[in-house]
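Shown here: work-v1.cif, mmCIF, C-alpha atoms.
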```cif
data_work
#
loop_
_atom_site.label_atom_id
_atom_site.label_comp_id
_atom_site.auth_asym_id
_atom_site.auth_seq_id
_atom_site.Cartn_x
_atom_site.Cartn_y
_atom_site.Cartn_z
CA MET A 117 -118.60 155.69 97.10
CA HIS A 118 -117.55 158.87 98.88
CA LYS A 119 -114.38 158.56 100.93
CA ASN A 120 -112.78 160.68 103.61
CA ILE A 121 -109.36 161.57 102.23
CA THR A 122 -106.57 163.29 104.12
CA ILE A 123 -103.53 164.81 102.42
CA VAL A 124 -100.43 165.57 104.49
CA PHE A 125 -97.72 167.79 103.04
CA TRP A 126 -94.46 169.25 104.38
CA GLY A 127 -95.12 172.59 102.66
CA ASN A 128 -97.85 174.94 101.51
CA PRO A 129 -100.26 173.10 99.18
CA PHE A 130 -101.45 176.35 97.57
CA PHE A 131 -97.98 176.80 96.06
CA ASP A 132 -97.57 173.20 95.00
CA GLY A 133 -99.05 172.04 91.70
CA ARG A 134 -99.03 168.35 92.54
CA CYS A 135 -100.94 168.87 95.78
CA MET A 136 -103.47 171.22 94.23
CA ASN A 137 -104.14 168.87 91.33
CA MET A 138 -104.69 165.97 93.72
CA ILE A 139 -107.03 168.07 95.85
CA ASP A 140 -109.02 169.21 92.82
CA GLU A 141 -109.38 165.69 91.44
CA VAL A 142 -110.64 164.08 94.63
CA LEU A 143 -113.03 167.01 95.15
CA ASN A 144 -114.33 166.61 91.59
CA ASN A 145 -115.12 163.00 92.45
CA ASN A 146 -117.16 164.10 95.47
CA HIS A 147 -114.84 162.84 98.19
CA ASN A 148 -114.44 164.63 101.53
CA VAL A 149 -111.00 166.19 101.70
CA SER A 150 -108.89 167.51 104.57
CA VAL A 151 -105.33 168.77 104.16
CA LEU A 152 -102.54 169.45 106.64
CA GLY A 153 -99.73 171.69 105.43
CA ILE A 154 -97.30 174.40 106.51
CA GLY A 155 -97.55 178.12 105.73
CA GLU A 156 -96.02 181.41 106.76
CA GLN A 157 -98.67 181.64 109.45
CA ALA A 158 -101.31 179.37 110.92
CA LYS A 159 -104.53 179.34 108.89
CA ASP A 160 -107.78 177.40 108.71
CA ILE A 161 -109.06 177.59 105.12
CA GLU A 162 -112.05 176.28 103.19
CA TYR A 163 -111.10 175.63 99.57
CA ASN A 164 -113.94 174.36 97.36
CA ASN A 165 -115.26 172.25 100.25
CA ALA A 166 -111.81 171.00 101.21
CA HIS A 167 -110.70 171.79 104.76
CA ILE A 168 -107.07 172.95 104.70
CA ILE A 169 -105.09 173.53 107.89
CA LEU A 170 -101.79 175.37 107.59
CA MET A 171 -99.42 175.22 110.53
CA ASP A 172 -97.12 178.14 111.28
CA THR A 173 -93.69 177.46 109.78
CA ASN A 174 -92.11 179.16 112.81
CA LYS A 175 -93.08 176.11 114.86
CA PHE A 176 -90.47 174.16 112.90
CA ASN A 177 -87.44 176.41 113.07
CA ASN A 178 -85.37 174.16 115.30
CA SER A 179 -83.36 171.84 113.04
CA ILE A 180 -83.16 169.15 115.73
CA THR A 181 -86.78 168.99 116.87
CA LYS A 182 -88.77 170.19 113.83
CA TYR A 183 -89.51 166.78 112.34
CA PHE A 184 -90.48 165.26 115.69
CA LYS A 185 -92.91 168.15 116.20
CA TYR A 186 -94.26 167.62 112.71
CA PHE A 187 -94.72 163.88 113.30
CA LYS A 188 -96.77 164.66 116.40
CA TYR A 189 -99.01 167.17 114.58
CA VAL A 190 -99.59 164.67 111.77
CA LYS A 191 -100.55 161.91 114.21
CA ASN A 192 -103.01 164.17 116.03
CA PHE A 193 -104.51 165.37 112.74
CA ILE A 194 -105.09 161.81 111.53
CA ASP A 195 -106.48 160.73 114.91
CA ASN A 196 -108.97 163.58 114.65
CA LYS A 197 -109.99 163.06 111.01
CA LYS A 198 -110.06 159.23 110.95
CA PRO A 199 -109.71 159.13 107.15
CA ASP A 200 -110.34 156.23 104.79
CA ILE A 201 -107.36 157.22 102.66
CA ILE A 202 -104.23 159.13 103.60
CA ILE A 203 -101.93 160.66 100.97
CA ALA A 204 -98.47 161.37 102.37
CA SER A 205 -97.04 163.89 99.92
CA ASP A 206 -93.36 163.43 100.86
CA LEU A 207 -91.06 161.25 102.92
CA TYR A 208 -91.37 163.50 105.98
CA SER A 209 -95.13 162.97 105.94
CA MET A 210 -95.00 159.28 105.06
CA ILE A 211 -93.12 158.33 108.23
CA PRO A 212 -95.72 159.56 110.77
CA VAL A 213 -98.57 158.44 108.49
CA ALA A 214 -97.15 154.90 108.27
CA LYS A 215 -96.82 154.84 112.05
CA THR A 216 -100.61 155.27 112.32
CA LYS A 217 -101.24 152.09 110.32
CA LYS A 218 -101.69 149.97 113.43
CA TYR A 219 -104.26 152.39 114.86
CA HIS A 220 -106.29 153.24 111.76
CA ASN A 221 -107.49 150.99 108.97
CA ALA A 222 -106.73 153.63 106.34
CA LYS A 223 -105.27 153.10 102.90
CA ILE A 224 -101.90 154.88 102.69
CA ILE A 225 -100.54 156.40 99.49
CA TYR A 226 -96.93 157.61 99.58
CA ASP A 227 -96.17 160.25 96.98
CA SER A 228 -92.45 159.79 96.37
CA ARG A 229 -92.35 162.70 93.98
CA GLU A 230 -88.56 162.76 94.44
CA ILE A 231 -85.94 160.27 95.53
CA TYR A 232 -85.93 161.78 99.00
CA THR A 233 -82.96 159.86 100.32
CA GLN A 234 -80.91 161.24 97.43
CA LEU A 235 -81.89 164.90 97.57
CA ALA A 236 -79.27 167.45 96.59
CA GLY A 237 -79.37 168.95 100.09
CA LEU A 238 -78.11 165.65 101.54
CA LYS A 239 -75.10 165.12 99.27
CA ASN A 240 -72.63 166.43 101.86
CA ARG A 241 -74.55 165.14 104.89
CA PRO A 242 -74.01 161.35 104.86
CA ILE A 243 -75.23 160.78 108.42
CA ILE A 244 -78.52 162.60 107.82
CA GLN A 245 -78.86 160.75 104.52
CA LYS A 246 -78.45 157.41 106.28
CA ILE A 247 -81.07 158.36 108.87
CA TRP A 248 -83.67 159.22 106.22
CA SER A 249 -82.77 156.07 104.28
CA TYR A 250 -83.33 154.00 107.42
CA TYR A 251 -86.75 155.56 108.03
CA GLU A 252 -87.85 155.17 104.42
CA LYS A 253 -86.79 151.51 104.36
CA LYS A 254 -88.57 150.85 107.64
CA TYR A 255 -91.89 152.48 106.79
CA ILE A 256 -92.33 152.28 103.01
CA VAL A 257 -93.42 148.66 103.39
CA GLN A 258 -96.38 149.90 105.42
CA VAL A 259 -97.91 151.91 102.57
CA ASP A 260 -100.43 150.50 100.10
CA SER A 261 -99.32 152.43 97.03
CA THR A 262 -96.19 154.40 96.20
CA LEU A 263 -96.36 157.10 93.53
CA VAL A 264 -93.42 158.26 91.41
CA THR A 265 -93.17 160.79 88.59
CA ALA A 266 -91.28 158.71 86.00
CA GLU A 267 -90.26 155.17 85.05
CA ILE A 268 -86.66 155.85 86.07
CA ASP A 269 -87.72 156.45 89.68
CA LYS A 270 -89.91 153.34 89.68
CA LYS A 271 -86.97 151.17 88.65
CA TYR A 272 -84.74 152.79 91.26
CA LEU A 273 -87.17 152.19 94.15
CA LEU A 274 -87.95 148.63 93.08
CA LYS A 275 -84.24 147.88 93.12
CA LEU A 276 -84.06 149.15 96.71
CA TYR A 277 -87.37 147.81 98.00
CA GLN A 278 -88.87 144.78 96.27
CA ASN A 279 -92.61 144.08 96.05
CA LEU A 280 -93.75 147.68 96.25
CA ASN A 281 -97.00 148.64 94.54
CA ILE A 282 -95.62 151.55 92.49
CA LYS A 283 -97.69 153.73 90.17
CA ILE A 284 -96.45 156.49 87.87
CA ILE A 285 -98.24 159.80 88.35
CA LYS A 286 -96.47 162.39 86.24
CA ASN A 287 -96.04 166.02 87.25
CA LEU A 288 -98.68 167.18 84.78
CA PRO A 289 -100.40 170.56 85.06
CA GLY A 290 -104.05 171.23 85.73
CA ASN A 291 -106.55 172.45 83.14
CA ASN A 292 -105.91 176.04 84.21
CA PHE A 293 -102.68 176.02 82.15
CA LEU A 294 -104.59 175.32 78.92
CA ASN A 295 -105.67 178.34 76.85
CA THR A 296 -104.89 180.62 79.75
CA GLN A 297 -105.10 184.39 79.68
CA SER A 298 -101.63 185.77 80.36
CA ILE A 299 -100.79 188.81 82.42
CA ASN A 300 -98.67 191.56 80.92
CA LEU A 301 -95.28 190.97 82.53
CA LYS A 302 -93.60 193.59 80.37
CA GLN A 303 -95.97 196.25 81.58
CA ILE A 304 -95.83 195.14 85.21
CA LEU A 305 -92.01 194.95 85.27
CA CYS A 306 -91.40 197.88 82.87
CA ILE A 307 -89.65 195.63 80.34
CA ASP A 308 -88.87 197.01 76.89
CA GLU A 309 -91.28 195.69 74.26
CA LYS A 310 -88.40 194.50 72.05
CA ASP A 311 -87.04 192.21 74.78
CA LYS A 312 -88.04 188.55 75.01
CA ILE A 313 -88.79 186.99 78.38
CA LEU A 314 -87.05 183.82 79.56
CA ILE A 315 -88.81 182.40 82.60
CA TYR A 316 -87.88 180.06 85.45
CA GLN A 317 -90.52 179.05 87.95
CA GLY A 318 -89.70 176.93 90.98
CA LYS A 319 -87.47 176.67 94.01
CA PHE A 320 -84.17 178.50 94.41
CA HIS A 321 -81.97 175.62 95.46
CA GLU A 322 -78.43 174.62 94.60
CA GLY A 323 -78.27 172.63 91.39
CA ARG A 324 -81.24 174.27 89.66
CA GLY A 325 -78.94 175.89 87.07
CA ILE A 326 -79.93 179.44 87.90
CA ARG A 327 -76.36 180.70 88.30
CA PHE A 328 -75.54 179.12 84.93
CA ILE A 329 -78.50 180.86 83.26
CA ILE A 330 -77.47 184.20 84.72
CA LYS A 331 -73.96 183.78 83.34
CA CYS A 332 -75.39 182.99 79.90
CA MET A 333 -77.37 186.23 80.03
CA GLN A 334 -74.12 188.19 79.80
CA LYS A 335 -73.67 187.06 76.21
CA MET A 336 -77.25 187.58 74.99
CA ASP A 337 -79.04 190.69 73.79
CA ASN A 338 -82.67 191.76 73.82
CA ILE A 339 -83.74 189.25 76.45
CA VAL A 340 -84.66 189.43 80.12
CA LEU A 341 -84.89 186.71 82.74
CA VAL A 342 -87.87 186.42 85.10
CA LEU A 343 -87.31 184.14 88.09
CA ILE A 344 -90.42 183.18 90.06
CA GLY A 345 -90.14 181.43 93.40
CA ASP A 346 -88.43 181.34 96.77
CA GLY A 347 -85.73 179.32 98.42
CA PRO A 348 -82.47 179.43 100.38
CA MET A 349 -80.35 180.48 97.37
CA LYS A 350 -82.47 183.42 96.30
CA SER A 351 -80.40 186.14 97.96
CA LYS A 352 -77.21 184.64 96.46
CA TYR A 353 -78.69 184.72 92.97
CA ILE A 354 -79.66 188.34 93.45
CA GLU A 355 -76.02 189.05 94.31
CA VAL A 356 -74.83 187.10 91.25
CA ALA A 357 -77.08 189.23 89.02
CA LYS A 358 -75.55 192.37 90.53
CA LYS A 359 -72.03 190.98 90.20
CA TYR A 360 -72.47 190.56 86.45
CA ASN A 361 -74.20 193.96 86.10
CA LEU A 362 -77.42 192.29 85.02
CA ALA A 363 -79.77 193.73 87.62
CA ASP A 364 -81.71 195.56 84.90
CA LYS A 365 -82.16 192.33 82.89
CA ILE A 366 -83.10 189.94 85.68
CA PHE A 367 -86.34 190.17 87.65
CA PHE A 368 -87.15 188.22 90.82
CA ILE A 369 -90.79 187.57 91.71
CA ASP A 370 -91.87 185.89 94.94
CA ALA A 371 -93.53 182.49 94.75
CA VAL A 372 -96.92 182.65 93.05
CA PRO A 373 -99.90 180.48 94.11
CA TYR A 374 -100.26 177.58 91.71
CA LYS A 375 -103.68 178.66 90.49
CA MET A 376 -102.15 181.95 89.27
CA LEU A 377 -98.86 180.62 87.94
CA ASN A 378 -100.24 179.78 84.50
CA GLN A 379 -100.78 183.50 83.79
CA PHE A 380 -97.06 184.14 84.25
CA SER A 381 -95.95 181.10 82.25
CA ALA A 382 -98.09 182.01 79.27
CA ASP A 383 -96.63 185.50 79.03
CA ALA A 384 -93.04 184.32 78.59
CA TYR A 385 -91.13 183.51 75.41
CA ILE A 386 -89.17 180.44 76.56
CA GLY A 387 -89.35 178.36 79.74
CA LEU A 388 -86.13 177.22 81.45
CA CYS A 389 -85.20 174.19 83.53
CA MET A 390 -81.41 173.72 83.69
CA ILE A 391 -81.17 171.17 86.50
CA GLN A 392 -77.67 169.90 87.26
CA PRO A 393 -77.03 166.22 88.16
CA ILE A 394 -75.63 166.91 91.61
CA SER A 395 -77.72 164.13 93.19
CA LYS A 396 -79.60 161.00 92.16
CA SER A 397 -82.87 162.86 92.67
CA TYR A 398 -81.80 165.57 90.23
CA GLU A 399 -80.42 163.02 87.74
CA HIS A 400 -83.89 161.48 87.57
CA ALA A 401 -85.78 164.77 87.55
CA LEU A 402 -88.90 165.27 85.45
CA PRO A 403 -90.18 168.56 86.90
CA ASN A 404 -93.74 169.82 86.61
CA LYS A 405 -92.46 173.09 85.12
CA LEU A 406 -91.61 171.30 81.85
CA PHE A 407 -95.21 170.29 81.31
CA GLU A 408 -96.49 173.62 82.57
CA TYR A 409 -94.42 175.50 80.01
CA ALA A 410 -95.56 173.18 77.22
CA VAL A 411 -99.26 173.46 78.06
CA ALA A 412 -98.93 177.23 78.53
CA GLY A 413 -97.75 177.39 74.92
CA ILE A 414 -94.06 178.28 75.22
CA PRO A 415 -90.97 176.29 74.10
CA ILE A 416 -88.47 174.88 76.59
CA ILE A 417 -84.72 174.87 77.08
CA CYS A 418 -83.75 172.23 79.64
CA SER A 419 -80.95 169.91 80.72
CA ASN A 420 -80.48 166.73 78.71
CA LEU A 421 -80.87 164.49 81.75
CA THR A 422 -82.62 161.19 81.01
CA ALA A 423 -86.27 161.85 81.87
CA MET A 424 -86.25 165.46 80.65
CA GLN A 425 -84.60 164.51 77.36
CA GLU A 426 -87.26 161.85 76.82
CA MET A 427 -90.04 164.38 77.40
CA ILE A 428 -88.51 166.91 74.99
CA ASP A 429 -87.96 164.25 72.30
CA LYS A 430 -91.45 162.77 72.66
CA TYR A 431 -93.32 166.06 72.31
CA ASN A 432 -90.77 168.20 70.41
CA ALA A 433 -91.43 170.80 73.08
CA GLY A 434 -88.03 172.50 72.96
CA ILE A 435 -84.33 171.69 73.11
CA ALA A 436 -82.44 169.68 75.73
CA ILE A 437 -78.76 170.58 76.14
CA SER A 438 -75.77 170.01 78.39
CA TYR A 439 -76.46 171.58 81.78
CA ASP A 440 -73.16 173.51 81.85
CA ASN A 441 -72.42 174.55 78.26
CA GLN A 442 -73.09 178.24 77.64
CA THR A 443 -72.58 177.91 73.89
CA ASP A 444 -75.20 175.17 73.74
CA PHE A 445 -77.62 177.36 75.67
CA ILE A 446 -77.17 180.33 73.35
CA ASN A 447 -77.42 178.10 70.27
CA ALA A 448 -80.62 176.52 71.61
CA TYR A 449 -82.13 179.96 72.16
CA GLU A 450 -81.23 181.02 68.61
CA LYS A 451 -82.56 177.80 67.10
CA ILE A 452 -85.87 178.14 68.91
CA THR A 453 -86.11 181.78 67.86
CA SER A 454 -85.58 180.85 64.22
CA LYS A 455 -88.22 178.08 64.26
CA TYR A 456 -90.35 179.20 67.18
CA THR A 457 -93.74 177.75 66.25
CA GLU A 458 -92.25 174.29 65.65
CA TYR A 459 -91.70 173.93 69.39
CA ILE A 460 -95.19 174.99 70.46
CA LEU A 461 -97.51 172.07 71.10
CA ASN A 462 -100.90 172.16 69.42
CA GLU A 463 -103.96 171.91 71.62
CA GLU A 464 -104.41 168.20 70.98
CA LYS A 465 -100.91 167.46 72.30
CA GLN A 466 -101.36 169.89 75.20
CA LYS A 467 -104.50 168.06 76.33
CA LYS A 468 -102.55 164.79 76.42
CA ILE A 469 -100.23 166.13 79.12
CA LEU A 470 -102.85 167.48 81.51
CA TRP A 471 -103.27 166.09 85.02
CA ASP A 472 -106.48 164.21 84.18
CA ASN A 473 -104.46 161.81 82.01
CA ASN A 474 -102.75 160.45 85.12
CA HIS A 475 -105.85 158.48 86.15
CA PHE A 476 -105.15 159.32 89.77
CA GLN A 477 -108.76 158.53 90.68
CA GLU A 478 -108.20 154.89 89.73
CA ILE A 479 -105.55 154.63 92.44
CA ILE A 480 -107.97 156.15 94.94
CA ASN A 481 -110.58 153.57 94.00
CA GLU A 482 -108.31 150.52 94.20
#
```
Starting from the coordinates I provided, produce the structure as structure tokens.
Amino acid sequence: MHKNITIVFWGNPFFDGRCMNMIDEVLNNNHNVSVLGIGEQAKDIEYNNAHIILMDTNKFNNSITKYFKYFKYVKNFIDNKKPDIIIASDLYSMIPVAKTKKYHNAKIIYDSREIYTQLAGLKNRPIIQKIWSYYEKKYIVQVDSTLVTAEIDKKYLLKLYQNLNIKIIKNLPGNNFLNTQSINLKQILCIDEKDKILIYQGKFHEGRGIRFIIKCMQKMDNIVLVLIGDGPMKSKYIEVAKKYNLADKIFFIDAVPYKMLNQFSADAYIGLCMIQPISKSYEHALPNKLFEYAVAGIPIICSNLTAMQEMIDKYNAGIAISYDNQTDFINAYEKITSKYTEYILNEEKQKKILWDNNHFQEIINE
């Protein structure tokens, strides 16, 4: 049975793998899809029969009023669409969506892709943290299903809020990452053919280990670092690269739409994800980039935090190390280089960590 499904996201869905994979799956199952997100400018877009509305991010510049404005836009969007199912893709979307429960008989799915009340950005803001914790506690009981990315997050939320209907939907990549045709990064960026490319793709936030990686670069030869993404720390990382005289070995590329990102991943030598445990959310992290690297056919060096270590061990997809040990990082690079093909997943294993294995459609049909 076709359903009218609305996805609400505090961000641009075109740059978010989880959103795009959800959109693609519900479209492939012939549901009607509408999406509300935020972009650099207001846009009304048709994407494979999905109607995507992007609000201008400049409407939400005021730190005091931005969420209240967003809540109002979400309410109006839902009132207009009258969906059968609403997917709230973050805490900031779940709150206004849950508030509509008494007006619309829609099934609500809360995608708690992170532990939002324990985000790194809240670690020194206890009052703000308490406010978001209050709102989550108040409204999470209104949703029909809560999604998390790993078992560790499921246990954490069940300890806080009993009797939740929690499903694990991992941050797996779409089919576009499998057997992809890479672009020629060396040619585009004028990189010497002898140099190997280390790649990081994601947000530039505190605690992502980017400063640590840059410092490690000082002690390594014949490699370059390509950093793809945007975020509040980007300008600082550019300054760090200059400080260590590494500007000619480190390349910054603006955020790439998810449907193109696979071409960049596949052209690298090793994928990086050195998250630091500066918050509960980061301690539990199991980022989509790990699976994207693995399906794109490149080994991984990542932090040995619980969920990431388990992924690396299960698939032998790379090496997990201490998040702050430069010697470990260099040794991991050298070990991978010496046994490179051992850390590349064969196609059978790659297919097992594609988005379709999440069975997201079953949750829609419940």
* With the file shown as input, list the residues that the PyMOL selection byres ((chain A and resi 189-196) around 10) selects, as a VMD selection string. => chain A and resid 122 to 125 150 to 153 169 171 183 to 188 197 to 199 202 209 to 216 219 to 220 222
Serialized selection, C-alpha atoms, as a PDB file, in the coordinates of the input:
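The file below, part-v2.pdb, is the result:
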```pdb
ATOM      1  CA  THR A 122    -106.570 163.290 104.120  1.00  0.00           C
ATOM      2  CA  ILE A 123    -103.530 164.810 102.420  1.00  0.00           C
ATOM      3  CA  VAL A 124    -100.430 165.570 104.490  1.00  0.00           C
ATOM      4  CA  PHE A 125     -97.720 167.790 103.040  1.00  0.00           C
ATOM      5  CA  SER A 150    -108.890 167.510 104.570  1.00  0.00           C
ATOM      6  CA  VAL A 151    -105.330 168.770 104.160  1.00  0.00           C
ATOM      7  CA  LEU A 152    -102.540 169.450 106.640  1.00  0.00           C
ATOM      8  CA  GLY A 153     -99.730 171.690 105.430  1.00  0.00           C
ATOM      9  CA  ILE A 169    -105.090 173.530 107.890  1.00  0.00           C
ATOM     10  CA  MET A 171     -99.420 175.220 110.530  1.00  0.00           C
ATOM     11  CA  TYR A 183     -89.510 166.780 112.340  1.00  0.00           C
ATOM     12  CA  PHE A 184     -90.480 165.260 115.690  1.00  0.00           C
ATOM     13  CA  LYS A 185     -92.910 168.150 116.200  1.00  0.00           C
ATOM     14  CA  TYR A 186     -94.260 167.620 112.710  1.00  0.00           C
ATOM     15  CA  PHE A 187     -94.720 163.880 113.300  1.00  0.00           C
ATOM     16  CA  LYS A 188     -96.770 164.660 116.400  1.00  0.00           C
ATOM     17  CA  LYS A 197    -109.990 163.060 111.010  1.00  0.00           C
ATOM     18  CA  LYS A 198    -110.060 159.230 110.950  1.00  0.00           C
ATOM     19  CA  PRO A 199    -109.710 159.130 107.150  1.00  0.00           C
ATOM     20  CA  ILE A 202    -104.230 159.130 103.600  1.00  0.00           C
ATOM     21  CA  SER A 209     -95.130 162.970 105.940  1.00  0.00           C
ATOM     22  CA  MET A 210     -95.000 159.280 105.060  1.00  0.00           C
ATOM     23  CA  ILE A 211     -93.120 158.330 108.230  1.00  0.00           C
ATOM     24  CA  PRO A 212     -95.720 159.560 110.770  1.00  0.00           C
ATOM     25  CA  VAL A 213     -98.570 158.440 108.490  1.00  0.00           C
ATOM     26  CA  ALA A 214     -97.150 154.900 108.270  1.00  0.00           C
ATOM     27  CA  LYS A 215     -96.820 154.840 112.050  1.00  0.00           C
ATOM     28  CA  THR A 216    -100.610 155.270 112.320  1.00  0.00           C
ATOM     29  CA  TYR A 219    -104.260 152.390 114.860  1.00  0.00           C
ATOM     30  CA  HIS A 220    -106.290 153.240 111.760  1.00  0.00           C
ATOM     31  CA  ALA A 222    -106.730 153.630 106.340  1.00  0.00           C
TER      32      ALA A 222
END
```
* Residue with smallest distance to Ser179 (chain A) - pool A:Lys310, A:Ile244, A:Leu406, A:Ala401, counting only C-alpha atoms ->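 Distance minimum relative to Ser179 (chain A) lands on A:Ile244.
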* For the file shown, report as number ranges by chain the outcome of the PyMOL selection byres ((chain A and resi 159) around 8) at residue level. => A: 155, 157-158, 160-161, 169-172
10 Å contact set for region 449-458 of chain A, all atoms listed in the file, chain neighbours under 3 positions out, as a compact mmCIF listing (two decimals) with C-alpha atoms, in the frame of the given file:
```txt
# COMPACT_ATOMS: atom_id res chain seq x y z
CA LEU A 314 -87.05 183.82 79.56
CA MET A 336 -77.25 187.58 74.99
CA TYR A 385 -91.13 183.51 75.41
CA ILE A 386 -89.17 180.44 76.56
CA GLY A 413 -97.75 177.39 74.92
CA ILE A 414 -94.06 178.28 75.22
CA PRO A 415 -90.97 176.29 74.10
CA ILE A 416 -88.47 174.88 76.59
CA ILE A 417 -84.72 174.87 77.08
CA ASN A 432 -90.77 168.20 70.41
CA ALA A 433 -91.43 170.80 73.08
CA GLY A 434 -88.03 172.50 72.96
CA ILE A 435 -84.33 171.69 73.11
CA THR A 443 -72.58 177.91 73.89
CA ASP A 444 -75.20 175.17 73.74
CA PHE A 445 -77.62 177.36 75.67
CA ILE A 446 -77.17 180.33 73.35
CA LEU A 461 -97.51 172.07 71.10
CA ASN A 462 -100.90 172.16 69.42
```
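For the choices A:Ile391, A:Val257, A:Ala357, A:Ile469, the atom-to-atom distance to Tyr316 (chain A) is smallest for A:Ile391 when using all atoms listed in the file.
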* To do: Counting only C-alpha atoms, write as a ChimeraX atom specification all protein and nucleic acid residues lying at most 10 Å from (-106.4, 159.9, 93.3) in the file's frame.
  => /A:121,137-143,145,201,203,225,285,474-482
* With the file shown as input, list the residues that the PyMOL selection byres ((chain A and resi 297) around 8) selects, as a list in words. =>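 Expected selection for the PyMOL selection byres ((chain A and resi 297) around 8) here is Asn295, Thr296, Ser298, Ile299, Gln379 and Ala382 of chain A.
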* **Proximity to Phe407 (chain A) - best of A:Gly290, A:Gly345, A:Pro242, A:Gly325, all atoms listed in the file** =>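 Ranked by minimum distance to Phe407 (chain A), first place goes to A:Gly290.
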* Structure fact -> In Å and to one decimal, CA of Arg134 (chain A) is distant from CA of Asp227 (chain A) by 9.7 Å
